[in-house]
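Take a look at the structure set out below.
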Amino acid sequence: MERNLSLNLHVLTARLDRAADRILRAEHGISYSRFLALTLVGELGASTQRTLAEYLGVTEPSVSRMTGVLAADGLLDVQPDPAGGNRRRLSLTDAGKRRVTSIRQEFEDRLAAVVAESGVPYAEYAEHTARLLATFDRLEREAGK
């Protein structure tokens, strides 16, 4: 039975997430969700826990627990927000930056190999993925207006 495109996308995303989690836990001792959090903090710059929770689609208490573990592991710096209140500012430590950079390159290489094995030219895959992400970003900005 042929699946529709949205179901295929869901299945592909779930399989990629599971594979990433399995690899990260086995080879780097970190879960995919924690690695994703580090990656998002690195891309967002000095972010807040609230912003990270929004990007991850989880609650602030969940992010608070996660950032506590990452800070204890020396990968994340968590500081009170200068604006006050309960907000916390997040930034990668030097160790966190090195970890994200090395893991991302390894994942890029593995993904390129899988894409190549499927017969899809990696440059085309990367271009189409970037276009889709840019469209999602634009639609989210327009919805927020």
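Order determines the names: the first chain of the structure tokens is A, the second B, and so forth; residues in each chain are numbered 1 upward, and ligands are numbered 1 upward as they are shown.
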Return as JSON lines the residues of segment 22-84 of chain A lying at most 12 Å from segment 11-18 of chain A, together with the closest atom-to-atom pair for each and the distance in Å to one decimal, counting only C-alpha atoms, with rows in chain order and ascending residue number.
```
{"residue": "A:Arg22", "atom": "CA", "partner": "A:Arg18", "partner_atom": "CA", "distance": 6.1}
{"residue": "A:Ile23", "atom": "CA", "partner": "A:Arg18", "partner_atom": "CA", "distance": 8.6}
{"residue": "A:Leu24", "atom": "CA", "partner": "A:Arg18", "partner_atom": "CA", "distance": 9.9}
{"residue": "A:Arg25", "atom": "CA", "partner": "A:Arg18", "partner_atom": "CA", "distance": 10.6}
{"residue": "A:Ser31", "atom": "CA", "partner": "A:Arg18", "partner_atom": "CA", "distance": 10.1}
{"residue": "A:Tyr32", "atom": "CA", "partner": "A:Asp17", "partner_atom": "CA", "distance": 7.2}
{"residue": "A:Ser33", "atom": "CA", "partner": "A:Asp17", "partner_atom": "CA", "distance": 9.0}
{"residue": "A:Phe35", "atom": "CA", "partner": "A:Asp17", "partner_atom": "CA", "distance": 11.3}
{"residue": "A:Leu36", "atom": "CA", "partner": "A:Asp17", "partner_atom": "CA", "distance": 10.3}
```
Might you pull out every residue within 8 Å of segment 41-54 of chain A, with only C-alpha atoms counted and same-chain residues fewer than 2 positions away left off, and present them as a PyMOL selection string? chain A and resi 37-39+56-60+62-64+81+87-92+97
How would you write, as a PyMOL selection string, the set of residues in chain A that DSSP gives as helix (DSSP H, G or I)? chain A and resi 5-28+32-44+49-56+60-72+94-118+122-143
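Rounded to one decimal, atom CA of Met66 of chain A and atom CA of Ala19 of chain A lie 20.6 Å from each other.
Between atom CA of Ala126 of chain A and atom CA of Leu111 of chain A the interatomic distance comes to 10.4 Å.
Atom CA of Thr101 of chain A lies 19.3 Å from atom CA of Ala130 of chain A.
Using only C-alpha atoms, the smallest distance between any of A:Ala116, A:Ala20, A:Val78, A:Leu7 and Arg104 of chain A comes from A:Ala20.
Using only C-alpha atoms, the shortest contact distance between Gly96 of chain A and any of A:Ala71, A:Ala83, A:Val115, A:Leu9 is found at A:Ala71.
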